[in-house]
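Right, one structure below, let's go through it.
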Amino acid sequence: MKLIRWQRKYLMQNILIAILLVALFVLLSVHAIPRETPVAVAPVEDEPAPPPPPVYELAPFEGRVEHIFFHPLIAYPERAFDGDYQAQGLDDYFVTAKEANALLDALYEKGFMLVDINKMFTVNEDGTLSQNAFLFPVNKKPLVISLDDVNYYEYMLEHGMVSKLVLDSKGEIATESVNLAGETEIRRDLEIIPIIDQFVKDHPDFSFEGAKGVVGLTGYEGILGYRTHADSPNRESEIEAVKPIINRLKETGWTFASHSYAHRNTPDLSYEVLLEDTRKWQAEVQSLIGPTPIYLYPYGSGLKVGDPRLSMLREHGFMMFCHVGVESYIKYTDSAIVLDRRHVDGIAFRQQRELNLDLYDADLIFDPVRDILFE
Ligand SMILES: [Zn+2]
């Protein structure tokens with residue numbers, strides 16, 4: 001076939017385009033073949049991937065579960081230890097953020113592991129209670145941490161505690177506070193809840209099945225730093241604001257307890273006054289966090305089994321009644337579980353080092369900032 005000149009020119013061009021296309025295809029294909037050395041990809045997350053969940057040998061645990069408790073931490077010691085009328089009480093009953101970190105290290109080194117307090121008992125079909133021999137890792141010691149007064153009362157703010165729990169930009173529990181320069185800060189290293197959250201992230205074998213601790217709440221100044229109580233001027237908006245915090249705490253292994261509504265000394269209260277206090281707590285606090293079987297007595301002393309006031313609390317859904325003592329004493333009856341929690345505070349650090357050596361050495365925990373008088 002004889003081609004005329006313009007036809008030949010176009011044929012040559014088409015062949016050239018075809019060769020170029022084939023070359024391009026080959027180049028792309030070679031590029032697409034997986035290489036021996038993977039190309040470095042910029043990490044999407046700031047944080048490293050969490051370590052794989054630990055695997056444990058489990059056995060029924062029937063010994064004594066240690067139970068310790070704290071108050072909200074002293075985030076700014078300069079405000080706490082300033083020699084005012086509250087300074088002694090703060091030294092006696094509170095712990096600094098630095099001490100809390102050292103304590104967790106000590107507990108972890110001794111083999112303690114957080115466990116859900118609700119594993120400690122079973123509610124039988126007839127409504128009676130019995131001790132629960134729950135499965136637990138054989139080489140670990142179960143520990144419950146409870147926290148009293150996670151309310152961030154007005155008085156606490158002037159004395160070095162944070163103002164409220166909030167969610168940070170990643171949706172994690174953090175705190176809001178005003179620092180010494182007067183600036184509002186969102187941080188995760190000033191309060192025991194985010195400190196434990198981070199500690200468990202870094203040491204997954206400090207928490208059995210994701211358990212964290214028990215958050216004890218009164219009601220008279222709202223909860224978690226939100227003024228949700230009945231006579232609060234912003235009650236409705238504060239209730240809306242606290243809901244995501246409650247949900248996030250529950251999602252991340254925290255449970256709740258009653259610390260009474262008005263924080264009065266339970267044995268001094270008449271049946272009627274305690275009943276009214278309990279009804280207010282259920283109306284204003286339980287309505288937000290849900291029912292709980294755990295009751296943490298204010299000031300640490302409570303009622304004997306057989307006391308009609310204890311039966312009244314039991315009828316309101318409370319089953320486990322926590323006093324304060326120097327040992328993790330526990331007694332099960334078929335109507336109530338009564339136990340002592342060990343206090344972690346300045347009194348324990350200064351005066352009870354020997355008693356607590358099974359948990360930590362106070363000399364290694366004590367924050368010397370306590371002995372500085374800030375003017
Ligand atoms: Zn209290």
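Chain lettering (A, B, ...) mirrors the order of the structure tokens, residue numbering begins at 1 for each chain separately, and ligand numbering begins at 1 in order of display.
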
DSSP-assigned helix (DSSP H, G or I) members of stretch 234-309 of chain A, reported as a PyMOL selection string: chain A and resi 235-251+266-268+271-289+298-300+308-309

Restricting the output to N, CA and C atoms, write the selected residues as a compact mmCIF listing (two decimals), in the first residue's frame.
```
# COMPACT_ATOMS: atom_id res chain seq x y z
N ARG A 235 -28.13 25.88 86.53
CA ARG A 235 -28.28 24.44 86.68
C ARG A 235 -28.41 23.72 85.33
N GLU A 236 -29.32 24.18 84.47
CA GLU A 236 -29.60 23.44 83.23
C GLU A 236 -28.39 23.37 82.32
N SER A 237 -27.69 24.51 82.13
CA SER A 237 -26.54 24.49 81.22
C SER A 237 -25.39 23.69 81.83
N GLU A 238 -25.25 23.72 83.15
CA GLU A 238 -24.19 22.95 83.80
C GLU A 238 -24.46 21.44 83.66
N ILE A 239 -25.72 21.07 83.75
CA ILE A 239 -26.08 19.64 83.57
C ILE A 239 -25.71 19.20 82.15
N GLU A 240 -26.01 20.03 81.16
CA GLU A 240 -25.66 19.67 79.78
C GLU A 240 -24.15 19.58 79.62
N ALA A 241 -23.43 20.50 80.28
CA ALA A 241 -21.97 20.54 80.13
C ALA A 241 -21.28 19.34 80.79
N VAL A 242 -21.86 18.81 81.87
CA VAL A 242 -21.17 17.73 82.59
C VAL A 242 -21.44 16.36 81.95
N LYS A 243 -22.50 16.24 81.15
CA LYS A 243 -22.84 14.92 80.60
C LYS A 243 -21.71 14.26 79.80
N PRO A 244 -21.05 15.00 78.88
CA PRO A 244 -19.95 14.34 78.14
C PRO A 244 -18.80 13.90 79.04
N ILE A 245 -18.61 14.61 80.16
CA ILE A 245 -17.51 14.24 81.09
C ILE A 245 -17.89 12.91 81.77
N ILE A 246 -19.13 12.82 82.22
CA ILE A 246 -19.60 11.57 82.86
C ILE A 246 -19.46 10.40 81.88
N ASN A 247 -19.89 10.62 80.63
CA ASN A 247 -19.82 9.54 79.64
C ASN A 247 -18.39 9.10 79.39
N ARG A 248 -17.48 10.08 79.28
CA ARG A 248 -16.08 9.74 78.99
C ARG A 248 -15.46 8.99 80.18
N LEU A 249 -15.79 9.41 81.40
CA LEU A 249 -15.27 8.70 82.58
C LEU A 249 -15.74 7.24 82.56
N LYS A 250 -17.02 7.04 82.28
CA LYS A 250 -17.54 5.66 82.25
C LYS A 250 -16.87 4.84 81.15
N GLU A 251 -16.70 5.46 79.98
CA GLU A 251 -16.08 4.75 78.84
C GLU A 251 -14.65 4.33 79.14
N THR A 266 -22.09 10.90 109.19
CA THR A 266 -23.27 10.02 109.14
C THR A 266 -23.77 9.56 110.52
N PRO A 267 -22.89 9.09 111.44
CA PRO A 267 -23.43 8.58 112.71
C PRO A 267 -24.19 9.65 113.50
N ASP A 268 -23.93 10.94 113.24
CA ASP A 268 -24.62 12.01 113.97
C ASP A 268 -26.01 12.32 113.41
N TYR A 271 -32.39 9.36 111.47
CA TYR A 271 -32.92 8.57 110.34
C TYR A 271 -33.52 9.50 109.29
N GLU A 272 -34.33 10.46 109.74
CA GLU A 272 -35.04 11.35 108.80
C GLU A 272 -34.07 12.23 108.02
N VAL A 273 -33.08 12.76 108.73
CA VAL A 273 -32.12 13.65 108.05
C VAL A 273 -31.31 12.87 107.02
N LEU A 274 -30.89 11.65 107.39
CA LEU A 274 -30.13 10.83 106.44
C LEU A 274 -31.00 10.42 105.25
N LEU A 275 -32.27 10.15 105.52
CA LEU A 275 -33.19 9.80 104.43
C LEU A 275 -33.33 10.97 103.45
N GLU A 276 -33.50 12.17 103.98
CA GLU A 276 -33.64 13.36 103.15
C GLU A 276 -32.35 13.61 102.34
N ASP A 277 -31.20 13.44 103.01
CA ASP A 277 -29.91 13.60 102.34
C ASP A 277 -29.79 12.61 101.17
N THR A 278 -30.22 11.37 101.40
CA THR A 278 -30.11 10.32 100.39
C THR A 278 -31.04 10.62 99.21
N ARG A 279 -32.24 11.10 99.53
CA ARG A 279 -33.19 11.44 98.45
C ARG A 279 -32.65 12.57 97.58
N LYS A 280 -32.03 13.57 98.23
CA LYS A 280 -31.48 14.69 97.45
C LYS A 280 -30.33 14.21 96.57
N TRP A 281 -29.50 13.31 97.13
CA TRP A 281 -28.38 12.80 96.33
C TRP A 281 -28.93 12.05 95.11
N GLN A 282 -29.95 11.25 95.34
CA GLN A 282 -30.49 10.49 94.21
C GLN A 282 -31.12 11.42 93.17
N ALA A 283 -31.80 12.47 93.64
CA ALA A 283 -32.47 13.38 92.70
C ALA A 283 -31.47 14.21 91.91
N GLU A 284 -30.39 14.65 92.54
CA GLU A 284 -29.50 15.61 91.88
C GLU A 284 -28.21 15.00 91.33
N VAL A 285 -27.79 13.87 91.89
CA VAL A 285 -26.52 13.27 91.44
C VAL A 285 -26.77 11.95 90.71
N GLN A 286 -27.50 11.06 91.36
CA GLN A 286 -27.78 9.77 90.70
C GLN A 286 -28.52 9.98 89.38
N SER A 287 -29.34 11.03 89.32
CA SER A 287 -30.06 11.32 88.07
C SER A 287 -29.09 11.61 86.93
N LEU A 288 -27.86 12.00 87.25
CA LEU A 288 -26.86 12.30 86.20
C LEU A 288 -25.92 11.12 85.94
N ILE A 289 -25.50 10.45 87.02
CA ILE A 289 -24.46 9.42 86.85
C ILE A 289 -25.01 8.00 86.82
N PRO A 298 -18.71 10.24 104.44
CA PRO A 298 -17.93 11.46 104.68
C PRO A 298 -17.21 11.35 106.02
N TYR A 299 -16.03 11.85 106.14
CA TYR A 299 -15.19 11.79 107.35
C TYR A 299 -14.83 10.36 107.75
N GLY A 300 -15.25 9.38 106.97
CA GLY A 300 -14.74 8.03 107.17
C GLY A 300 -15.44 7.17 108.21
N PRO A 308 -30.90 0.73 111.71
CA PRO A 308 -31.98 0.98 110.74
C PRO A 308 -31.58 1.97 109.64
N ARG A 309 -30.67 2.88 109.96
CA ARG A 309 -30.24 3.85 108.94
C ARG A 309 -29.45 3.14 107.83
```

What residues have any atom no more than 12 Å from ligand 1 when counting only C-alpha atoms and all ligand atoms, and can you list them as a PyMOL selection string? chain A and resi 69-72+93-94+146-153+215-219+257-266+295-301+322-324+343

Save the residues we just selected, C-alpha atoms, as a PDB file, in the first residue's frame?
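Dumped to again00.pdb:
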```pdb
ATOM      1  CA  PHE A  69      -8.354   6.738  98.628  1.00  0.00           C
ATOM      2  CA  PHE A  70      -7.399  10.291  97.795  1.00  0.00           C
ATOM      3  CA  HIS A  71      -8.976  13.700  97.665  1.00  0.00           C
ATOM      4  CA  PRO A  72      -8.558  15.953  94.622  1.00  0.00           C
ATOM      5  CA  TYR A  93      -5.689  15.290 104.133  1.00  0.00           C
ATOM      6  CA  PHE A  94      -4.360  16.018 100.656  1.00  0.00           C
ATOM      7  CA  SER A 146     -11.407   5.666  95.302  1.00  0.00           C
ATOM      8  CA  LEU A 147     -11.536   9.435  95.187  1.00  0.00           C
ATOM      9  CA  ASP A 148     -13.590  11.528  97.600  1.00  0.00           C
ATOM     10  CA  ASP A 149     -15.166  14.910  96.900  1.00  0.00           C
ATOM     11  CA  VAL A 150     -14.494  15.080  93.159  1.00  0.00           C
ATOM     12  CA  ASN A 151     -16.771  18.110  93.238  1.00  0.00           C
ATOM     13  CA  TYR A 152     -14.235  20.956  93.154  1.00  0.00           C
ATOM     14  CA  TYR A 153     -15.957  22.965  95.862  1.00  0.00           C
ATOM     15  CA  VAL A 215     -15.238   8.690  91.775  1.00  0.00           C
ATOM     16  CA  GLY A 216     -16.995   9.748  95.002  1.00  0.00           C
ATOM     17  CA  LEU A 217     -19.459  12.614  94.693  1.00  0.00           C
ATOM     18  CA  THR A 218     -21.475  14.743  97.091  1.00  0.00           C
ATOM     19  CA  GLY A 219     -24.202  16.958  95.664  1.00  0.00           C
ATOM     20  CA  ALA A 257     -20.017   6.316  94.320  1.00  0.00           C
ATOM     21  CA  SER A 258     -22.133   8.365  96.677  1.00  0.00           C
ATOM     22  CA  HIS A 259     -20.257  10.452  99.233  1.00  0.00           C
ATOM     23  CA  SER A 260     -23.649  11.649 100.650  1.00  0.00           C
ATOM     24  CA  TYR A 261     -25.360  14.844  99.523  1.00  0.00           C
ATOM     25  CA  ALA A 262     -24.277  17.326 102.189  1.00  0.00           C
ATOM     26  CA  HIS A 263     -21.052  15.792 103.586  1.00  0.00           C
ATOM     27  CA  ARG A 264     -22.143  15.500 107.198  1.00  0.00           C
ATOM     28  CA  ASN A 265     -20.901  12.952 109.736  1.00  0.00           C
ATOM     29  CA  THR A 266     -23.269  10.020 109.141  1.00  0.00           C
ATOM     30  CA  TYR A 295     -21.332   4.505  99.533  1.00  0.00           C
ATOM     31  CA  LEU A 296     -18.246   6.373 100.793  1.00  0.00           C
ATOM     32  CA  TYR A 297     -18.921   7.796 104.263  1.00  0.00           C
ATOM     33  CA  PRO A 298     -17.930  11.464 104.681  1.00  0.00           C
ATOM     34  CA  TYR A 299     -15.185  11.794 107.351  1.00  0.00           C
ATOM     35  CA  GLY A 300     -14.744   8.028 107.173  1.00  0.00           C
ATOM     36  CA  SER A 301     -17.033   6.818 109.945  1.00  0.00           C
ATOM     37  CA  CYS A 322     -16.741   2.316 102.924  1.00  0.00           C
ATOM     38  CA  HIS A 323     -15.248   3.674 106.129  1.00  0.00           C
ATOM     39  CA  VAL A 324     -11.677   4.881 106.586  1.00  0.00           C
ATOM     40  CA  HIS A 343      -6.114   7.082 103.453  1.00  0.00           C
TER      41      HIS A 343
END
```

Exercise: A:Ile196 partners within 12 Å, only C-alpha atoms, chain neighbours under 5 positions left out, as number ranges by chain: A: 97, 100-105, 107-108, 113-114, 145-147, 173-174, 188-191, 201-204, 206-207, 210-214, 249, 252-254

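Shell of A:Gly63 at 12 Å, with only C-alpha atoms counted and residues fewer than 4 places along the chain excluded, is Ala59, Met120, Gln131, Asn132, Ala133, Phe134, Leu135, Phe136, Val138, Lys140, Lys141, Pro142, Leu143, Ser328, Tyr329 and Ile330 of chain A.
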
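Each of A:Val369, A:Val166, A:Met312, A:Val200 was checked against A:Glu185 using only C-alpha atoms; the smallest atom-to-atom distance is that of A:Val166.
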
Of the candidates A:Glu315, A:Ser232, A:Asp116, A:Gly225, which one gets nearest to A:Glu66 if we count only C-alpha atoms?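 The answer is A:Asp116, which sits nearest to A:Glu66.
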
Exercise: stretch 179-183 of chain A partners within 10 Å, only C-alpha atoms, chain neighbours under 4 positions left out, as a VMD selection string: chain A and resid 75 to 76 78 to 79 160 162

With only C-alpha atoms as the atoms that count, which of A:Gln352, A:Ser163, A:Thr255, A:Ser177 lies nearest to A:Tyr226? A:Ser163
